[in-house]
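Enquirer: Just data24.txt, nothing more (compact mmCIF, C-alpha atoms):
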```txt
# COMPACT_ATOMS: atom_id res chain seq x y z
CA MET A 278 -6.70 -5.10 -19.95
CA LEU A 279 -7.89 -7.26 -17.07
CA HIS A 280 -9.17 -10.82 -17.24
CA LEU A 281 -12.14 -11.79 -15.07
CA ARG A 282 -12.89 -15.41 -14.26
CA MET A 283 -16.15 -16.00 -12.41
CA ILE A 284 -18.13 -18.86 -10.94
CA VAL A 285 -21.78 -17.87 -11.26
CA PRO A 286 -24.89 -19.72 -10.02
CA ALA A 287 -26.77 -21.05 -13.05
CA ASP A 288 -29.87 -18.99 -12.26
CA ARG A 289 -27.86 -15.75 -12.40
CA THR A 290 -25.75 -16.40 -15.49
CA GLU A 291 -28.09 -14.57 -17.85
CA GLU A 292 -28.06 -11.45 -15.65
CA VAL A 293 -24.29 -11.56 -15.44
CA THR A 294 -23.81 -11.95 -19.18
CA ARG A 295 -26.23 -9.09 -19.88
CA LEU A 296 -24.28 -6.88 -17.50
CA ILE A 297 -20.99 -7.73 -19.20
CA CYS A 298 -22.43 -7.20 -22.68
CA SER A 299 -23.77 -3.79 -21.65
CA THR A 300 -20.45 -2.69 -20.10
CA VAL A 301 -18.49 -0.43 -22.42
CA GLY A 302 -14.94 -1.73 -22.42
CA ALA A 303 -15.75 -5.43 -21.87
CA THR A 304 -15.15 -8.10 -24.47
CA HIS A 305 -14.17 -11.76 -25.02
CA LEU A 306 -17.16 -13.10 -23.09
CA THR A 307 -17.12 -16.88 -22.57
CA VAL A 308 -19.69 -19.06 -20.76
CA LEU A 309 -19.04 -22.68 -19.76
CA ARG A 310 -22.31 -24.16 -18.56
CA GLY A 311 -22.07 -26.39 -15.50
CA ALA A 312 -18.27 -26.33 -15.48
CA ALA A 313 -17.90 -25.33 -11.83
CA TYR A 314 -18.23 -27.90 -9.03
CA ASP A 315 -17.24 -25.96 -5.91
CA PRO A 316 -19.35 -23.93 -5.70
CA LEU A 317 -21.74 -25.34 -8.28
CA GLY A 318 -22.43 -23.10 -11.24
CA ASP A 319 -21.27 -21.84 -14.60
CA VAL A 320 -17.81 -20.49 -15.39
CA VAL A 321 -17.96 -17.05 -17.01
CA THR A 322 -14.88 -15.23 -18.27
CA CYS A 323 -14.32 -11.92 -19.99
CA ASP A 324 -11.70 -9.26 -20.59
CA VAL A 325 -12.30 -5.66 -19.59
CA ALA A 326 -10.40 -2.41 -19.98
CA ARG A 327 -8.92 -1.28 -16.67
CA GLU A 328 -10.86 1.97 -16.75
CA ALA A 329 -14.16 0.07 -16.98
CA ALA A 330 -13.33 -2.67 -14.48
CA ASP A 331 -14.37 -0.95 -11.26
CA GLY A 332 -17.90 -0.30 -12.49
CA LEU A 333 -18.24 -3.87 -13.75
CA LEU A 334 -16.99 -5.34 -10.47
CA THR A 335 -19.45 -3.18 -8.54
CA GLY A 336 -22.28 -4.45 -10.74
CA LEU A 337 -21.21 -8.07 -10.32
CA ARG A 338 -21.09 -7.65 -6.56
CA GLY A 339 -24.60 -6.20 -6.73
CA LEU A 340 -25.80 -9.35 -8.53
CA GLY A 341 -24.50 -11.48 -5.66
CA VAL A 342 -21.70 -13.16 -7.59
CA VAL A 343 -19.26 -12.62 -4.70
CA ASP A 344 -21.65 -14.16 -2.14
CA ALA A 345 -22.81 -17.17 -4.16
CA GLY A 346 -19.78 -17.70 -6.41
CA SER A 347 -16.42 -16.05 -6.98
CA ILE A 348 -14.57 -13.45 -9.03
CA ALA A 349 -10.86 -13.70 -9.86
CA VAL A 350 -9.10 -10.77 -11.53
CA GLU A 351 -5.79 -11.07 -13.41
CA ASN A 352 -3.67 -8.54 -15.27
CA ILE A 353 -3.15 -9.26 -18.97
CA ASP A 354 0.35 -8.36 -20.11
CA LEU A 355 -0.34 -8.78 -23.82
CA THR A 356 -3.53 -9.14 -25.86
CA LEU A 357 -3.49 -9.38 -29.64
CA SER A 358 -7.11 -8.71 -30.53
CA THR A 359 -8.95 -6.09 -32.54
CA SER A 360 -11.97 -6.37 -30.24
CA ALA A 361 -9.74 -5.78 -27.20
CA ASP A 362 -8.27 -2.69 -28.85
CA LYS A 363 -11.78 -1.43 -29.58
CA ALA A 364 -12.88 -2.11 -25.99
CA GLU A 365 -9.99 -0.05 -24.63
CA ASP A 366 -10.73 2.76 -27.09
CA ASP A 367 -14.44 2.79 -26.19
CA ALA A 368 -13.93 2.72 -22.42
CA PRO A 369 -14.06 6.20 -20.88
CA GLY A 370 -10.83 7.71 -19.57
CA GLU A 371 -7.34 6.28 -19.48
CA GLY A 372 -6.37 3.02 -17.84
CA ALA A 373 -3.38 4.58 -16.07
CA ASP A 374 -5.69 7.06 -14.32
CA ALA A 375 -8.30 4.51 -13.24
CA VAL A 376 -8.44 3.31 -9.64
CA LEU A 377 -9.47 -0.30 -9.19
CA TRP A 378 -10.91 0.09 -5.70
CA GLU A 379 -11.62 -3.60 -5.11
CA SER A 380 -8.02 -4.44 -5.90
CA LEU A 381 -6.69 -1.59 -3.77
CA VAL A 382 -8.74 -2.61 -0.75
CA GLU A 383 -7.64 -6.23 -1.09
CA GLU A 384 -3.98 -5.33 -1.55
CA THR A 385 -3.85 -2.93 1.38
CA HIS A 386 -5.76 -5.42 3.55
CA GLU A 387 -3.03 -7.99 3.00
CA GLU A 388 -0.14 -5.57 3.42
CA SER A 389 -1.55 -3.93 6.57
CA THR A 390 -2.18 -7.02 8.68
CA LEU A 391 -0.02 -7.50 11.78
CA THR A 392 1.78 -10.77 11.10
CA ILE A 393 5.01 -12.41 12.22
CA THR A 394 6.50 -11.69 8.79
CA TYR A 395 5.55 -8.00 9.02
CA LEU A 396 7.09 -7.73 12.49
CA ALA A 397 10.21 -9.56 11.32
CA PHE A 398 10.75 -7.20 8.37
CA LEU A 399 10.13 -4.12 10.52
CA THR A 400 12.43 -5.34 13.29
CA VAL A 401 15.25 -6.29 10.94
CA ALA A 402 14.92 -2.93 9.17
CA THR A 403 15.08 -1.10 12.51
CA MET A 404 18.16 -3.07 13.56
CA LEU A 405 19.86 -2.28 10.24
CA ALA A 406 19.07 1.39 10.76
CA ALA A 407 20.53 1.21 14.28
CA TYR A 408 23.77 -0.09 12.83
CA GLY A 409 23.61 2.68 10.25
CA VAL A 410 23.35 5.26 13.02
CA MET A 411 26.27 3.76 14.94
CA LEU A 412 28.49 3.68 11.84
CA ASP A 413 27.07 6.97 10.51
CA SER A 414 26.44 5.09 7.28
CA SER A 415 23.91 6.57 4.87
CA ILE A 416 24.07 3.34 2.81
CA LEU A 417 22.81 1.26 5.74
CA ILE A 418 20.12 3.85 6.46
CA VAL A 419 18.88 3.66 2.88
CA GLY A 420 18.95 -0.15 3.03
CA ALA A 421 16.85 -0.11 6.20
CA MET A 422 14.34 2.24 4.56
CA VAL A 423 13.90 -0.17 1.65
CA VAL A 424 13.42 -3.19 3.92
CA GLY A 425 10.84 -1.47 6.13
CA PRO A 426 7.21 -2.58 5.39
CA GLU A 427 5.45 0.34 7.07
CA PHE A 428 3.98 1.85 3.90
CA GLY A 429 1.49 -1.03 3.69
CA PRO A 430 -0.40 -0.08 6.88
CA LEU A 431 -0.19 3.62 5.98
CA ALA A 432 -1.79 2.89 2.59
CA GLY A 433 -4.38 0.79 4.42
CA ILE A 434 -5.33 3.74 6.63
CA CYS A 435 -5.66 6.03 3.61
CA THR A 436 -7.76 3.51 1.69
CA GLY A 437 -9.91 2.71 4.70
CA LEU A 438 -10.66 6.38 5.34
CA VAL A 439 -11.62 7.08 1.72
CA ARG A 440 -13.66 3.88 1.31
CA ARG A 441 -15.10 4.15 4.84
CA ARG A 442 -13.79 0.75 5.86
CA ARG A 443 -13.38 1.03 9.62
CA GLY A 444 -12.00 -2.47 9.88
CA LEU A 445 -9.18 -1.66 7.46
CA VAL A 446 -8.32 1.55 9.33
CA ALA A 447 -8.31 -0.29 12.67
CA ARG A 448 -6.21 -3.20 11.34
CA SER A 449 -3.67 -0.85 9.77
CA SER A 450 -3.46 1.30 12.90
CA VAL A 451 -2.81 -1.78 15.03
CA ALA A 452 0.02 -2.82 12.69
CA LEU A 453 1.69 0.56 13.20
CA LEU A 454 0.94 1.08 16.89
CA ILE A 455 2.15 -2.39 17.85
CA GLY A 456 4.73 -2.93 15.14
CA PHE A 457 6.96 0.07 15.84
CA PRO A 458 7.09 -0.33 19.67
CA VAL A 459 7.89 -4.04 19.28
CA ALA A 460 10.61 -3.31 16.71
CA MET A 461 12.07 -0.58 18.93
CA LEU A 462 12.01 -2.84 21.99
CA LEU A 463 13.79 -5.64 20.15
CA THR A 464 16.27 -3.16 18.71
CA GLY A 465 17.02 -1.99 22.25
CA GLY A 466 17.78 -5.61 23.14
CA PHE A 467 19.90 -5.93 20.00
CA SER A 468 21.81 -2.82 21.07
CA ALA A 469 22.50 -4.35 24.49
CA LEU A 470 23.77 -7.53 22.86
CA MET A 471 26.06 -5.60 20.52
CA SER A 472 27.34 -3.67 23.55
CA VAL A 473 28.38 -6.97 25.16
CA PHE A 474 30.55 -7.69 22.12
CA GLY A 475 31.92 -4.14 22.12
CA LEU A 476 30.34 -3.25 18.78
CA PHE A 477 27.95 -0.63 20.17
CA THR A 478 29.37 1.82 22.70
CA GLN A 479 28.31 5.05 24.35
CA GLY A 480 31.25 6.77 22.70
CA ARG A 481 30.18 5.64 19.24
CA PHE A 482 26.66 6.85 19.86
CA ASP A 483 27.74 10.24 21.22
CA ALA A 484 30.26 10.84 18.41
CA PRO A 485 29.32 13.32 15.67
CA HIS A 486 27.13 11.77 12.94
CA PRO A 487 27.05 14.29 10.09
CA ALA A 488 25.61 11.81 7.58
CA THR A 489 22.68 10.69 9.77
CA GLN A 490 21.99 13.55 12.19
CA PHE A 491 18.89 14.53 10.18
CA ILE A 492 17.16 11.49 11.66
CA TRP A 493 16.58 13.12 15.05
CA GLN A 494 16.19 16.70 13.83
CA PRO A 495 12.56 17.02 12.63
CA SER A 496 11.52 20.09 10.66
CA TRP A 497 8.95 21.26 8.16
CA ASP A 498 11.23 19.79 5.51
CA SER A 499 10.56 16.37 7.01
CA PHE A 500 6.81 16.83 6.67
CA VAL A 501 7.02 18.13 3.10
CA VAL A 502 9.22 15.22 1.98
CA ALA A 503 6.90 12.71 3.68
CA PHE A 504 3.88 14.42 2.07
CA LEU A 505 5.40 14.16 -1.42
CA ALA A 506 6.40 10.55 -0.75
CA GLY A 507 2.83 9.77 0.31
CA ILE A 508 1.48 11.11 -2.98
CA ALA A 509 3.98 9.08 -4.99
CA GLY A 510 3.32 5.95 -2.96
CA ILE A 511 -0.44 6.01 -3.45
CA LEU A 512 -0.07 6.78 -7.15
CA SER A 513 2.25 3.80 -7.51
CA LEU A 514 -0.34 1.53 -5.90
CA THR A 515 -3.34 2.75 -7.85
CA SER A 516 -1.49 2.67 -11.17
CA SER A 517 0.20 -0.70 -10.49
CA LYS A 518 3.64 0.87 -10.84
CA SER A 519 5.17 -0.86 -7.83
CA GLY A 520 8.70 0.16 -8.80
CA ALA A 521 8.00 3.69 -7.56
CA LEU A 522 7.52 2.33 -4.03
CA VAL A 523 11.27 1.86 -3.71
CA GLY A 524 11.75 5.57 -4.22
CA VAL A 525 9.06 6.26 -1.64
CA ALA A 526 10.76 3.97 0.87
CA ILE A 527 14.09 5.78 0.67
CA SER A 528 12.49 9.22 0.89
CA VAL A 529 11.17 9.06 4.45
CA THR A 530 12.88 8.43 7.79
CA THR A 531 10.29 6.37 9.64
CA VAL A 532 12.38 3.27 10.35
CA PRO A 533 15.66 5.18 10.97
CA ALA A 534 13.86 7.49 13.39
CA ALA A 535 12.46 4.50 15.31
CA ALA A 536 15.92 2.93 15.41
CA ASN A 537 17.58 6.09 16.68
CA ALA A 538 14.88 6.53 19.33
CA ALA A 539 15.56 2.97 20.56
CA LEU A 540 19.30 3.66 20.75
CA ALA A 541 18.80 7.02 22.42
CA ILE A 542 16.60 5.45 25.10
CA SER A 543 19.22 2.73 25.64
CA TYR A 544 21.87 5.38 26.28
CA ALA A 545 19.52 7.70 28.20
CA ASP A 546 19.83 10.52 25.67
CA TRP A 547 16.31 11.84 26.16
CA ASP A 548 16.65 14.88 23.89
CA GLU A 549 17.65 12.73 20.95
CA ALA A 550 14.99 10.17 21.83
CA TRP A 551 12.34 12.89 21.77
CA GLY A 552 13.60 14.34 18.47
CA SER A 553 13.60 10.90 16.85
CA THR A 554 10.08 10.17 18.09
CA VAL A 555 8.80 13.47 16.72
CA GLN A 556 10.53 12.72 13.41
CA LEU A 557 8.77 9.33 13.29
CA VAL A 558 5.35 10.85 13.99
CA VAL A 559 5.87 13.68 11.48
CA ASN A 560 6.77 11.24 8.71
CA LEU A 561 3.88 8.90 9.44
CA ALA A 562 1.43 11.81 9.56
CA GLY A 563 2.77 13.36 6.35
CA ILE A 564 2.38 10.12 4.40
CA ALA A 565 -1.10 9.41 5.80
CA VAL A 566 -2.43 12.91 5.08
CA ALA A 567 -0.97 12.99 1.57
CA GLY A 568 -2.16 9.49 0.73
CA THR A 569 -5.72 10.21 1.85
CA LEU A 570 -5.89 13.48 -0.07
CA THR A 571 -4.46 11.80 -3.16
CA LEU A 572 -7.10 9.06 -3.11
CA LEU A 573 -9.86 11.63 -2.59
CA ALA A 574 -8.55 13.66 -5.53
CA GLN A 575 -8.36 10.55 -7.73
CA LYS A 576 -11.89 9.57 -6.75
CA TRP A 577 -13.24 13.03 -7.56
CA LEU A 578 -11.32 13.43 -10.82
CA TRP A 579 -12.30 9.98 -12.10
CA ALA A 580 -15.98 10.57 -11.26
CA LYS A 581 -15.85 13.94 -13.00
CA GLN A 582 -14.20 12.40 -16.07
CA ARG A 583 -16.82 9.66 -16.30
CA ARG A 584 -19.63 12.21 -16.01
CA THR A 585 -18.07 14.30 -18.76
CA VAL A 586 -17.76 11.30 -21.08
CA SER A 587 -21.33 10.15 -20.41
CA VAL A 588 -22.67 13.59 -21.29
```
Will you turn the file into structure tokens for me?
Expert:
Amino acid sequence: MLHLRMIVPADRTEEVTRLICSTVGATHLTVLRGAAYDPLGDVVTCDVAREAADGLLTGLRGLGVVDAGSIAVENIDLTLSTSADKAEDDAPGEGADAVLWESLVEETHEESTLTITYLAFLTVATMLAAYGVMLDSSILIVGAMVVGPEFGPLAGICTGLVRRRRGLVARSSVALLIGFPVAMLLTGGFSALMSVFGLFTQGRFDAPHPATQFIWQPSWDSFVVAFLAGIAGILSLTSSKSGALVGVAISVTTVPAAANAALAISYADWDEAWGSTVQLVVNLAGIAVAGTLTLLAQKWLWAKQRRTVSV
């Protein structure tokens, strides 16, 4: 169940309450007249089954609640209520299959914005991966994959394409197109600094790296793994199962490929630099294509399910 807390202009409260009462899956309606001061209006709350929430939010937006008031949405971990149980039973479909588009757009908007924090995480992850390459350490490579924040902008591109939000696609693309070059440039500087202390050397870089050589050797396997990871990543976002994102992070070699490309350029190994760059592009493309197709499939399946139930 989800809990909605709204500030509604007094002249629209009746329309809002009628909409909530007519929404299958909504319950626990409360109205506090004149309780809101900024903006002025009534406070309206209700609980709604996840599978019915997207339709209700769309209706509330249509009534102008977002423009003249506000809507806050919270997840309810536990509800002991017969009416809540009935609301979930009556709502069409299953909550785990429902996509809350408003929430998805908001979440990906936040995660896909180019910020100092985003650049810091991406840069640190790339530097960790560079150390992993030098030491031929799969543990460090996995750690760098987990730290990397690049799935946020990729999810933003997928969501923006499906929801036709050009601004979200542009913002997410900027985060990737600026973020990775900046992280690689700073990693190149980090490599030079480590070379001064004798920690990074040409000999170390040229030595065999059996545990990490896959990073600069792109293949169809790379695309397939990235494609599967993209599906899992989007499903984890739409179903609020964020724990699955860790598995997605350690399945693809975006950050390690960027790190190896930066090192290869530093040591003028152009073949390895090219292979790493191709690996990076293949992984990014695989995730983006899979994520977009997954969202389109979810949108189509959910619409079909709702039509079936209504008939």
Enquirer: Check the smallest atom-to-atom distance from each of A:Ser513, A:Thr464, A:Thr385, A:Ser380 to Val401 (chain A) using all atoms listed in the file, then report the winner.
Expert: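 Distance minimum relative to Val401 (chain A) lands on A:Thr464.
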Enquirer: For a quick check of your reading of the model, name the residues lying within 6 Å of the coordinate (11.9, 1.6, 17.3), counting all atoms listed in the file, and write them as JSON, numbers by chain.
Expert: {"A": [457, 458, 460, 461, 535, 536, 539]}
Enquirer: Can you tell me how far CA of Ala503 (chain A) sits from CA of Leu540 (chain A), in Å to one decimal?
Expert: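 Those two atoms sit 23.0 Å apart.
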Enquirer: By how many Å are CA of Glu388 (chain A) and CA of Ser516 (chain A) apart?
Expert: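 Interatomic distance here is 16.8 Å.
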Enquirer: Within 12 Å of Leu505 (chain A), counting only C-alpha atoms, which residues show up once you throw out same-chain ones fewer than 5 positions away? Write them as a list in words, please.
Expert: Asp498, Ser499, Phe500, Gly510, Ile511, Leu512, Gly524, Val525, Ala526, Ser528, Val529, Asn560, Ala562, Gly563, Ile564, Ala565, Val566, Ala567, Gly568, Leu570 and Thr571 of chain A
Enquirer: Nearest to Val350 (chain A): which of A:Ile418, A:Val410, A:Leu279, A:Ile434 is it, counting all atoms listed in the file?
Expert: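 Checking each candidate against Val350 (chain A), we get A:Leu279 as the closest.
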Enquirer: Quick one: distance from CA of Glu328 (chain A) to CA of Arg443 (chain A) in Å, one decimal?
Expert: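 CA of Glu328 (chain A) sits 26.5 Å away from CA of Arg443 (chain A).
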Enquirer: Counting all atoms listed in the file, which residue out of A:Val382, A:Ala421, A:Leu396, A:Leu391 sits closest to Arg442 (chain A)?
Expert: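 Closest candidate: A:Val382.
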Enquirer: Kindly indicate which residue among A:Ala313, A:Val376, A:Leu399, A:Leu572 lies nearest to Ala509 (chain A), using only C-alpha atoms for the distances.
Expert: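 The closest residue to Ala509 (chain A) is A:Leu572.
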Enquirer: Please give the centre and size of the box around region 329-346 of chain A (axis-aligned, containing every atom listed in the file, 3 Å added per side), with values in Å to one decimal and written as JSON.
Expert:
```
{"center_x": -19.6, "center_y": -8.8, "center_z": -9.6, "size_x": 18.5, "size_y": 23.8, "size_z": 20.8}
```
Enquirer: Could you list as a list in words every residue that has an atom within 8 Å of (-10.8, -2.5, -23.9), using the file's coordinates and counting all atoms listed in the file?
Expert: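 Checking each residue against the 8 Å limit leaves Met278, Gly302, Ala303, Thr304, Asp324, Val325, Ala326, Arg327, Ser360, Ala361, Asp362, Lys363, Ala364, Glu365, Asp366, Asp367 and Ala368 of chain A.
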Enquirer: Applying 6 Å and all atoms listed in the file, which residues near region 530-532 of chain A remain after dropping the ones on its own chain fewer than 2 positions away? List them as a list in words.
Expert: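 Result of the neighbour search: Thr403, Ala534, Ala535 and Leu557 of chain A.
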Enquirer: So, counting all atoms listed in the file, which residue among A:Ile284, A:Val558, A:Leu578, A:Glu549 is closest to Tyr314 (chain A)?
Expert: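 Nearest candidate to Tyr314 (chain A) out of A:Ile284, A:Val558, A:Leu578, A:Glu549: A:Ile284.
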Enquirer: Which residues are close to Asp344 (chain A), i.e. within 12 Å by only C-alpha atoms, leaving aside same-chain residues fewer than 6 positions away? Reply as a VMD selection string.
Expert: chain A and resid 283 to 286 316 337 to 338
Enquirer: Give me, as a list in words, all polymer residues having an atom no more than 12 Å from Thr478 (chain A), counting all atoms listed in the file and skipping those fewer than 5 positions away in the same chain.
Expert: Tyr408, Val410, Met411, Leu412, Ser468, Ala469, Leu470, Met471, Ser472, Val473, Asp483, Ala484, Leu540, Ala541, Ser543 and Tyr544 of chain A
